[in-house]
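In what follows, a single structure is set out as structure tokens and then discussed.
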Amino acid sequence: MVFEWLHPVLIATALLLAAIGAVRRVNLWRAGQAESVDFVAGLIAMPGRYLHDLHDIVERDKYMSKTHAATGGGFVLSLAMIVLVHLLGLESQILAWALLVSLTLMFVGAVFVFKRRLNPPSRLSKGPWMRLPKSLLAFSGAFFILTLPMAGVLPEGFLSSSTGGWILTAVLTVFIAMGLSEMLLGMTWGGPMKHAFAGALHLAFHRRPERFGGGRSTGLKPVALDQRVLGVQKPEDFKWNQLLGFDACVQCGKCEAVCPAFAAGQPLNPKKLIQDMVVGMAGGSDADYAGSPYPGKEIGQANGGPLLTITEGLIDPQTLWSCTTCRACVEECPMMIEHVDAIVDMRRFLTMEKGSTPNKGAEVLDNLIATDNPNGHAPNSRTNWAADQNLPLLSDVKETDVIFWVSDGAFDMRSQRILRAFVKLLKAANVDFAVLGAEELDSGDVARRLGDDATFQSLAKRNIATLSQYKFKRIVTTDPHAYHCLRNEYADFAEGIADDLFDNIEVLHHTTFLNQLVQAGKLKLNPYKGGTVTYHDPCYLGRYNGEYEAPRELLRSLGIEIAEMERSGFRSRCCGGGGGAPITDIPGERRIADMRMEDVQTTGAELIAVGCQQCTAMLEGVVEPRPQVKDIAEILIESLVEPLAKELH
Amino acid sequence: MSQFDILFEPLNINKLTIRNRIVSTAHAEVYATDGGMTTERYIKYYEEKAKGGCGLSICGGSSVVSIDSPQSWWSSVNLSTDRIIPHFQNLADAVHKHGGKIMIQITHMGRRSRWDGGDWPNLMSPSGIREPVHRATCKTIEEEDIWRIIGDFAQAARRAKEGGLDGVELSAVHQHMIDQFWSPRVNKRTDQWGGSLENRLRFGMEVLKAVRAEVGRDFVVGMRMCGDEFHPDGLNHEDLKQIAKYYNDTGLLDFFGVVGSGCDTHNTLANVIPNMSYPPEPFLHLAAGIKEVVDVPVIHAQNIKDPNQAKRILEAGYVDFVGMTRAHIADPHIIAKIKNDQVDQIRQCVGANYCIDRQYMGLDVLCIQNAATSREHMGMPHIIEKTTGVKRKVVVVGGGPGGLEAARVAAERGHDVTLIEKEEELGGQVVIAAKAPQRDQMAGITRWLAMEVARLGVDVRLGTSADTDLIHELKPDVCILATGGRPFIDQEAAWGAAEGLCVSSWDILMGKVVPGKNVLIYDTICEFSGMSAADYLASKGSLVELVTDDIKPGVGIGGTTFPTYYRNLYEKEVVMTSDMLLMNVYREGENLVAVLENEYTGQKEERVVDQVVVENGTRPNEELYYALKQESYNKGQLDNEALFAAAPQPVLALSAEEKQGSMILWRLGDCVSQRNTHAAIYDALRLCKDL
């Protein structure tokens with residue numbers, strides 16, 4: 001009878017075609033550059049990574065996490081049992097019942113997927129993704145009915161025993177075919193279900209395995225400067241597991257929803273960017289993309305291929321230069337895709353190979369090369385701000401407890417207020433500290449984010465060489481960007497200069513350090529006297545380094561009850577000042593800082609506490625009337641109970 | 001990065017790092033009232049500058065090294081005794097605490113002082129020639145005196161060093177002893193101390209060598225000198241360049257301060273502290289000339305008031321440090337405001353020279369517009385803290401300097417402030433004062449206040465006359481009347497104000513009447529207003545006679561300001577007549593006849609003119625005050641004991657039960673009695689700082 005072989009053949013065919021698709025897909029990824037990965041360990045760790053790391057992110061949206069657990073879990077269980085029951089013909093009523101249960105689970109999940117797709121938010125891609133709930137329902141529903149006779153719910157042969165049965169069978173077959181093609185073929189031939197296949201492998205072979213298990217890996221990967229092409233010119237220039245990562249995208253648009261550049265109407269949408277990477281990897285155009293475009297750009301104009309230059313036809317360089325590297329997208333991505341790495345990789349090509357860093361970018365890089373600071377100040381003017389501060393110099397004292405890494409705020413009059421405030425606090429707390437003075441160079445943050453890894457590496461190595469001459473226990477800085485470089489990126493370049501330098505020291509942000517001092521009773525503070533205060537998390541302090549609590553605890557130590565913004569903590573919205581964005585200055589419809597100020601204004605705060613000179617500059621750039629902006633160090637000195645001279649040494 | 005970066009490039013003087021390029025140069029403060037010791041007032045005055053960010057303060061203009069250089073007349077600092085050392089330590093600590101540096105100017109004033117005070121010394125000068133500005137007669141200095149004074153310089157420098165000050169500046173400027181020896185105008189000697197240039201420079205050289213021997217090479221020793229005496233028989237720019245080079249080449253000096261112009265006559269004195277009639281930095285070229293020939297940093301002050309100006313001068317490399325001394329008197333936080341990107345909040349010096357004109361009268365230096373300056377020790381604040389007490393509804397009537405300052409301070413305290421002005425423009429009498437030729441910068445006083453009240457969100461109602469109904473409608477907790485006055489030209493009915501036979505100086509300056517062709521101004525006040533009206537009329541082509549019953553027109557104006565008026569008035573052939581009373585004015589055909597009477601002889605004279613202007617001060621506008629007085633808790637009274645002690649007015653602490661009436665009522669400024677801009681602003685500040 002047709003019925004007896006029809007469905008097993010269908011399943012087998014689908015599995016075979018899926019396997020062929022999988023080989024083809026794997027070959028697309030393999031076109032990327034080599035990157036060593038521990039395959040076995042990755043595969044073993046994969047289920048755990050899925051159940052914990054990925055699920056923890058999805059869990060932020062309870063509705064979706066339950067829906068996905070039911071649908072995805074139900075599908076994986078069902079597929080395994082379908083192979084046993086319907087392909088291999090294992091006759092077990094218990095197994096059939098188990099299959100019914102898992103199909104029910106999947107069906108229920110699919111109903112919620114369906115409900116959500118009735119009126120989907122704009123961040124979700126449409127197109128084939130609108131079909132997916134129907135396919136899920138068809139798959140689970142059809143296999144449910146097909147399994148009923150085996151479970152003994154319907155009589156054996158029910159589906160072939162009557163005209164009605166034949167008609168039902170025919171209908172079921174259509175649904176099964178539909179379900180199988182979506183769920184199996186689609187998985188490897190580029191349908192929405194691709195995310196399951198690529199996503200599972202992406203979790204297994206992720207380029208930053210440190211992120212799993214609650215870790216944090218935010219430092220950019222160094223460029224080998226002896227490469228044929230510096231940075232990523234064409235999709236093939238990505239590492240193979242980056243390509244794999246792009247394929248894992250579920251087009252949920254969580255990245256789009258949090259991207260400050262997208263909200264500002266700049267031509268960047270992280271979701272579209274990842275999809276364009278997929279287009280580039282597989283070849284073709286973006287015509288089938290059914291999500292939000294890059295603001296101001298039409299869909300259907302982009303074409304790419306694995307060997308074609310990305311910025312010539314696939315992605316407008318303006319898209320890449322719009323990114324503030326705030327990592328909000330990465331933080332929100334349930335598939336743990338690394339958008340920022342990809343963007344900086346492509347910027348590296350534009351800057352180091354093409355020399356096409358836009359607007360002030362080229363000038364800033366030239367300045368960094370010539371003067372070791374981005375604005376081209378005379379290098380020896382780095383210490384001008386401290387002429388009246390009597391700061392010990394490392395070159396004199398050779399040894400200290402704390403190195404105060406001043407950073408390029410030294411050249412900026414506004415930032416100097418933060419520096420002076422911090423120095424006052426260090427002195428009040430009797431901290432043994434010193435500065436590098438004119439020996440300090442720019443951390444290289446801006447060079448690196450603008451794609452000039454050569455300049456970054458040069459600055460890093462020279463700074464490391466300077467540091468290596470002295471004995472100290474920790475470096476403390478008021479600049480989260482320098483903090484990030486020193487803490488997360490410099491160690492890659494210490495080899496051969498000061499191999500274990502970063503193993504034996506601590507790098508701290510000043511809010512962390514000040515909080516230690518306050519909690520240890522070394523700084524005495526009066527209660528804060530002003531009005532409502534909100535706190536803005538700097539990206540490079542929060543998302544890049546996970547420090548959300550110290551600044552808040554400091555504010556609470558002053559008796560401040562922080563009026564939190566909706567977007568705070570790991571969801572803080574960027575001020576617009578990172579990644580060299582103010583330098584490349586890509587036009588949009590609004591300024592990111594203005595939007596951030598609106599976030600502030602909803603709290604009714606009169607004062608924005610910040611822990612970053614760049615955030616301070618961006619937020620103070622918003623036209624008045626607006627709340628005041630102060631670094632936490634500045635807020636603290638207003639409340640500082642100044643120690644008597646005899647209490648100081 | 002900022003446009004003012006150059007101001008904040010540190011520079012070393014000898015081994016001392018100065019944090020920025022802004023210097024408060026030496027001026028006499030007239031605060032060292034405790035026998036020449038630096039008092040608390042003195043220290044707080046300099047501490048405020050350091051707190052505000054000033055790089056280097058050179059204090060103690062004309063601080064004396066010897067007991068026979070009179071100290072008491074200007075209450076200058078006395079370095080002739082070791083008693084000064086602990087006082088210096090307090091001063092140095094107060095400035096160093098804020099990252100500033102402090103040096104002191106040391107000198108023997110020779111003939112440039114007065115002998116009729118203190119220990120009544122005989123003054124001394126190289127050739128015993130009298131100095132006109134101080135009416136100072138003197139003896140010819142003897143060899144013994146010379147060597148004693150050289151030793152005194154060295155000991156004074158030692159005291160500065162032991163007191164922890166960062167350096168000394170030898171004064172060879174303003175015709176003190178050192179430059180009295182330099183100048184052939186007053187040094188007619190034929191011994192080794194006079195004659196050839198080298199001989200004339202010998203005294204200064206011996207002083208320098210003695211000082212250096214005493215303090216060592218690392219302690220900062222500088223010299224302040226003149227860039228051109230502007231006397232045909234004095235030292236010209238080339239002479240002074242030669243002198244600067246001579247001392248520079250000894251390698252014993254660490255910096256030069258350069259001032260344009262000598263000042264041993266009234267007319268040259270006005271150059272030294274250029275008032276608002278001068279262009280910006282009028283003598284910079286002289287300082288730049290000195291810089292050409294020396295190897296150490298050069299400091300120059302004289303009419304540099306604005307950060308943009310300072311930046312321009314430094315960027316062009318004319319000098320190494322700019323002196324912004326009056327700029328600091330007007331706003332000791334000028335540097336902090338530049339750094340805080342609050343340049344538009346700087347209270348800028350307008351060059352009214354109230355500070356220096358008081359000094360030349362032997363009075364303590366005060367600022368016409370900033371009443372907190374030099375009153376820091378009393379708790380007068382430069383930065384007004386918000387109140388932690390009740391927020392009050394404050395209504396200020398009158399937008400002159402007093403009313404504006406009251407509104408500003410009350411708003412800074414966080415109160416809800418309404419300011420009512422009947423004219424369409426804020427400024428009060430300052431608006432009138434600023435109409436005279438070369439007096440336009442006066443308007444800066446009230447322009448700053450107007451900008452501040454706008455920034456602070458004061459509800460300013462222009463073109464609004466306040467009456468009791470309006471005040472009741474506004475329901476103030478505190479009502480401050482600063483309604484000013486009106487010209488008092490009707491004091492004598494015979495002057496004919498009622499018949500329109502005379503007009504006021506206000507009518508003239510505000511253009512309310514057409515200038516006459518032949519005008520007599522009768523000025524009983526002898527300050528700015530009469531001179532300004534004369535200058536204004538003369539500049540419009542009127543033939544003007546300025547008559548006063550006082551000793552001399554402009555006699556009430558200080559030493560740096562009357563000369564610039566005189567320059568204008570003499571040039572425009574204004575006739576100045578003293579000792580004549582205006583008896584009456586009557587009409588005779590087309591003309592007016594003014595009858596004058598000599599105060600001392602009773603002899604009468606008549607002037608046939610077509611316009612008579614009377615400047616007789618003001619009468620208070622006090623109608624609103626008397627209309628509101630009875631309903632106020634305090635019956636309009638100020639508690640002078642609290643006011644003079646800079647303490648809060650007791651009425652502010654009244655409990656609800658004790659309050660009998662509708663509001664607190666105060667009045668200040670000319671609506672009480674005619675005083676001046678500073679008086680109105682001071683009253684406003686001290687009343688409102690505790691509101």
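Naming scheme: A, B, ... for chains in displayed order of the structure tokens; residues 1 onward per chain; ligands 1 onward as shown.
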Determine which residues of chain B sit within 7 Å of chain A, taking into account only C-alpha atoms, and present them as an mmCIF file with N, CA and C atoms, in the first residue's frame.
data_model
loop_
_atom_site.group_PDB
_atom_site.id
_atom_site.type_symbol
_atom_site.label_atom_id
_atom_site.label_comp_id
_atom_site.auth_asym_id
_atom_site.auth_seq_id
_atom_site.Cartn_x
_atom_site.Cartn_y
_atom_site.Cartn_z
ATOM 1 N N MET B 1 40.364 69.650 24.929
ATOM 2 C CA MET B 1 40.917 70.680 24.068
ATOM 3 C C MET B 1 40.020 71.907 24.129
ATOM 4 N N SER B 2 40.616 73.045 24.147
ATOM 5 C CA SER B 2 39.793 74.237 24.150
ATOM 6 C C SER B 2 40.540 75.345 23.455
ATOM 7 N N PHE B 8 46.742 77.705 29.553
ATOM 8 C CA PHE B 8 46.955 76.666 30.567
ATOM 9 C C PHE B 8 48.211 75.850 30.319
ATOM 10 N N GLU B 9 49.131 76.420 29.541
ATOM 11 C CA GLU B 9 50.434 75.776 29.403
ATOM 12 C C GLU B 9 51.294 76.218 30.574
ATOM 13 N N PRO B 10 51.681 75.279 31.417
ATOM 14 C CA PRO B 10 52.508 75.687 32.554
ATOM 15 C C PRO B 10 53.844 76.221 32.044
ATOM 16 N N THR B 17 57.288 75.912 38.879
ATOM 17 C CA THR B 17 56.320 75.721 37.799
ATOM 18 C C THR B 17 55.060 76.518 38.095
ATOM 19 N N ARG B 19 51.299 77.144 37.047
ATOM 20 C CA ARG B 19 50.351 76.220 36.412
ATOM 21 C C ARG B 19 49.688 76.781 35.176
ATOM 22 N N GLY B 99 47.102 75.168 44.850
ATOM 23 C CA GLY B 99 47.934 74.981 43.657
ATOM 24 C C GLY B 99 48.481 76.268 43.073
ATOM 25 N N GLY B 100 48.227 77.390 43.723
ATOM 26 C CA GLY B 100 48.735 78.666 43.220
ATOM 27 C C GLY B 100 50.143 78.937 43.753
ATOM 28 N N LYS B 339 37.936 77.501 32.615
ATOM 29 C CA LYS B 339 38.097 76.046 32.609
ATOM 30 C C LYS B 339 36.757 75.329 32.596
ATOM 31 N N ASN B 340 35.771 75.917 33.227
ATOM 32 C CA ASN B 340 34.463 75.261 33.313
ATOM 33 C C ASN B 340 33.574 75.608 32.133
#
Report the residues of region 175-354 of chain B whose backbone DSSP state falls under helix (DSSP H, G or I), written as a PyMOL selection string.
chain B and resi 177-182+197-215+237-248+266-272+284-293+307-315+325-330+334-339+343-345+354
Pick out the residues sitting within 10 Å of Asp191 (chain B), and hand them over as a list in words; count only C-alpha atoms, and ignore anything fewer than 4 positions along from it in its own chain.
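Near Asp191 (chain B), the qualifying residues are Glu143, Gly195, Ser196, Asn199 and Arg200 of chain B.
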Just C-alpha atoms for this one: save the residues we selected as a compact mmCIF listing (two decimals), in the first residue's frame.
# COMPACT_ATOMS: atom_id res chain seq x y z
CA GLU B 143 76.09 106.80 50.81
CA GLY B 195 75.98 110.16 35.64
CA SER B 196 76.83 107.32 33.30
CA ASN B 199 76.56 104.41 37.52
CA ARG B 200 72.81 104.95 37.44
Can you list, as a list in words, every protein, DNA or RNA residue that comes within 12 Å of Leu596 (chain B) when you count only C-alpha atoms, leaving out same-chain residues fewer than 3 positions away?
Ala494, Trp495, Leu520, Ile521, Tyr522, Val547, Thr548, Asp549, Thr577, Ser578, Asp579, Met580, Leu581, Leu582, Met583, Asn584, Val585, Tyr586, Val593, Glu599, Thr601, Gly602, Gln603, Lys604, Glu605, Glu606, Arg607 and Val608 of chain B
Name the residues in contact with Glu210 (chain A) at a cut-off of 12 Å, using only C-alpha atoms, excluding same-chain residues fewer than 4 positions from it; report them as a VMD selection string.
chain A and resid 42 49 53 203 205 to 206 214 to 219 336
Can you pull out the residues contacting Gln155 (chain B)? Cut-off 10 Å, using only C-alpha atoms, and skip same-chain residues under 4 positions away; I want them as a list in words.
Val65, Ser66, Leu79, Ser80, Thr81, Asp82, Ile149, Ile150, Gly151, Arg159, Ala160, Lys161, Ala210, Val211, Glu214 and Val215 of chain B
Can you write out the residues you just picked, keeping N, CA and C atoms, as an mmCIF file, in the first residue's frame?
data_model
loop_
_atom_site.group_PDB
_atom_site.id
_atom_site.type_symbol
_atom_site.label_atom_id
_atom_site.label_comp_id
_atom_site.auth_asym_id
_atom_site.auth_seq_id
_atom_site.Cartn_x
_atom_site.Cartn_y
_atom_site.Cartn_z
ATOM 1 N N VAL B 65 60.947 97.540 52.357
ATOM 2 C CA VAL B 65 62.055 96.768 52.915
ATOM 3 C C VAL B 65 62.710 97.508 54.081
ATOM 4 N N SER B 66 62.461 98.828 54.161
ATOM 5 C CA SER B 66 63.170 99.625 55.165
ATOM 6 C C SER B 66 62.173 100.398 56.014
ATOM 7 N N LEU B 79 58.261 94.486 55.255
ATOM 8 C CA LEU B 79 59.255 93.415 55.321
ATOM 9 C C LEU B 79 60.516 93.847 56.061
ATOM 10 N N SER B 80 60.393 94.925 56.830
ATOM 11 C CA SER B 80 61.604 95.403 57.500
ATOM 12 C C SER B 80 61.818 94.711 58.838
ATOM 13 N N THR B 81 60.974 93.762 59.165
ATOM 14 C CA THR B 81 61.106 93.071 60.459
ATOM 15 C C THR B 81 60.807 91.579 60.303
ATOM 16 N N ASP B 82 61.460 90.762 61.109
ATOM 17 C CA ASP B 82 61.222 89.311 61.084
ATOM 18 C C ASP B 82 59.812 88.948 61.554
ATOM 19 N N ILE B 149 70.091 100.467 52.740
ATOM 20 C CA ILE B 149 68.892 100.020 52.017
ATOM 21 C C ILE B 149 69.188 98.773 51.171
ATOM 22 N N ILE B 150 70.387 98.721 50.585
ATOM 23 C CA ILE B 150 70.762 97.507 49.832
ATOM 24 C C ILE B 150 70.691 96.296 50.762
ATOM 25 N N GLY B 151 71.210 96.463 51.960
ATOM 26 C CA GLY B 151 71.143 95.384 52.951
ATOM 27 C C GLY B 151 69.704 95.069 53.337
ATOM 28 N N ARG B 159 63.328 87.236 54.353
ATOM 29 C CA ARG B 159 62.070 87.047 55.107
ATOM 30 C C ARG B 159 60.990 86.445 54.220
ATOM 31 N N ALA B 160 60.941 86.877 52.982
ATOM 32 C CA ALA B 160 59.957 86.296 52.058
ATOM 33 C C ALA B 160 60.242 84.813 51.870
ATOM 34 N N LYS B 161 61.516 84.493 51.721
ATOM 35 C CA LYS B 161 61.893 83.096 51.502
ATOM 36 C C LYS B 161 61.592 82.264 52.746
ATOM 37 N N ALA B 210 73.028 91.669 46.259
ATOM 38 C CA ALA B 210 72.859 91.411 47.694
ATOM 39 C C ALA B 210 71.708 90.437 47.935
ATOM 40 N N VAL B 211 70.628 90.642 47.204
ATOM 41 C CA VAL B 211 69.462 89.760 47.356
ATOM 42 C C VAL B 211 69.842 88.345 46.951
ATOM 43 N N GLU B 214 71.884 86.531 49.371
ATOM 44 C CA GLU B 214 71.149 86.154 50.578
ATOM 45 C C GLU B 214 70.256 84.939 50.343
ATOM 46 N N VAL B 215 69.567 84.879 49.200
ATOM 47 C CA VAL B 215 68.533 83.841 49.002
ATOM 48 C C VAL B 215 69.023 82.659 48.172
#
Give me, as JSON, numbers by chain, all polymer residues having an atom no more than 9 Å from region 596-598 of chain A, counting only C-alpha atoms and skipping those fewer than 4 positions away in the same chain.
{"A": [536, 573, 574, 575, 576, 591, 592, 602, 619, 622, 626, 627]}
Pick from B:Ser62, B:Asn353, B:Ser183, B:Asn122 nearest to Thr140 (chain B), counting only C-alpha atoms
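Result for the nearest residue to Thr140 (chain B): B:Asn122.
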Strand (DSSP E or B) call set, DSSP backbone run, region 368-497 of chain B, as a ChimeraX atom specification:
/B:393-397,416-420,459-461,478-481,485-487
Same residues, C-alpha atoms, output as a PDB file, in the first residue's frame:
ATOM      1  CA  LYS B 393       8.910  84.724  46.727  1.00  0.00           C
ATOM      2  CA  VAL B 394      11.135  87.749  46.211  1.00  0.00           C
ATOM      3  CA  VAL B 395      10.063  90.851  44.327  1.00  0.00           C
ATOM      4  CA  VAL B 396      12.740  93.386  43.462  1.00  0.00           C
ATOM      5  CA  VAL B 397      11.648  96.762  42.176  1.00  0.00           C
ATOM      6  CA  ASP B 416      11.504  82.644  43.119  1.00  0.00           C
ATOM      7  CA  VAL B 417      12.460  86.124  41.959  1.00  0.00           C
ATOM      8  CA  THR B 418      10.585  88.774  40.009  1.00  0.00           C
ATOM      9  CA  LEU B 419      12.409  91.920  38.918  1.00  0.00           C
ATOM     10  CA  ILE B 420      10.357  94.947  37.914  1.00  0.00           C
ATOM     11  CA  ASP B 459      11.105  86.828  35.896  1.00  0.00           C
ATOM     12  CA  VAL B 460      12.142  90.219  34.511  1.00  0.00           C
ATOM     13  CA  ARG B 461       9.302  92.635  33.740  1.00  0.00           C
ATOM     14  CA  VAL B 478      10.330  89.702  50.557  1.00  0.00           C
ATOM     15  CA  CYS B 479      10.031  92.956  48.659  1.00  0.00           C
ATOM     16  CA  ILE B 480      13.257  94.802  47.895  1.00  0.00           C
ATOM     17  CA  LEU B 481      13.019  98.339  46.611  1.00  0.00           C
ATOM     18  CA  GLY B 485      16.575 108.484  42.542  1.00  0.00           C
ATOM     19  CA  ARG B 486      15.895 111.420  40.280  1.00  0.00           C
ATOM     20  CA  PRO B 487      18.016 114.454  39.485  1.00  0.00           C
TER      21      PRO B 487
END
For Ala270 (chain B), the nearest of the candidates B:Glu131, B:Asp357, B:Glu405, B:Asp249, counting only C-alpha atoms
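Going through B:Glu131, B:Asp357, B:Glu405, B:Asp249 one by one, the smallest distance to Ala270 (chain B) is for B:Asp357.
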Please measure the separation of CA of Ile337 (chain A) and CA of Gly361 (chain A), giving the value in Å to one decimal.
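Between CA of Ile337 (chain A) and CA of Gly361 (chain A) the gap works out to 27.1 Å.
Remark: for Val518 (chain A), the closest of the candidate residues A:Gly213, A:Pro551, A:Gly127, A:Gly437 is A:Pro551 (distances computed over only C-alpha atoms).
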Between CA of Met187 (chain A) and CA of Gly199 (chain A) - distance in Å to one decimal:
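Answer for the CA of Gly199 (chain A) to CA of Met187 (chain A) separation: 10.4 Å.
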Pull the closest atom pair for each residue of region 96-205 of chain B that gets at most 10 Å from region 32-55 of chain B, along with the distance in Å to one decimal, counting only C-alpha atoms, ordering rows by chain and then ascending residue number, as CSV.
residue,atom,partner,partner_atom,distance
B:His96,CA,B:Ala50,CA,7.7
B:Lys97,CA,B:Ala50,CA,8.3
B:His98,CA,B:Lys51,CA,5.3
B:Gly99,CA,B:Ala50,CA,6.9
B:Gly100,CA,B:Ala50,CA,5.0
B:Lys101,CA,B:Gly55,CA,6.3
B:Ile102,CA,B:Tyr46,CA,8.6
B:Gly118,CA,B:Gly35,CA,9.4
Please measure the separation of CA of Leu517 (chain A) and CA of Ala429 (chain A), giving the value in Å to one decimal.
7.1 Å
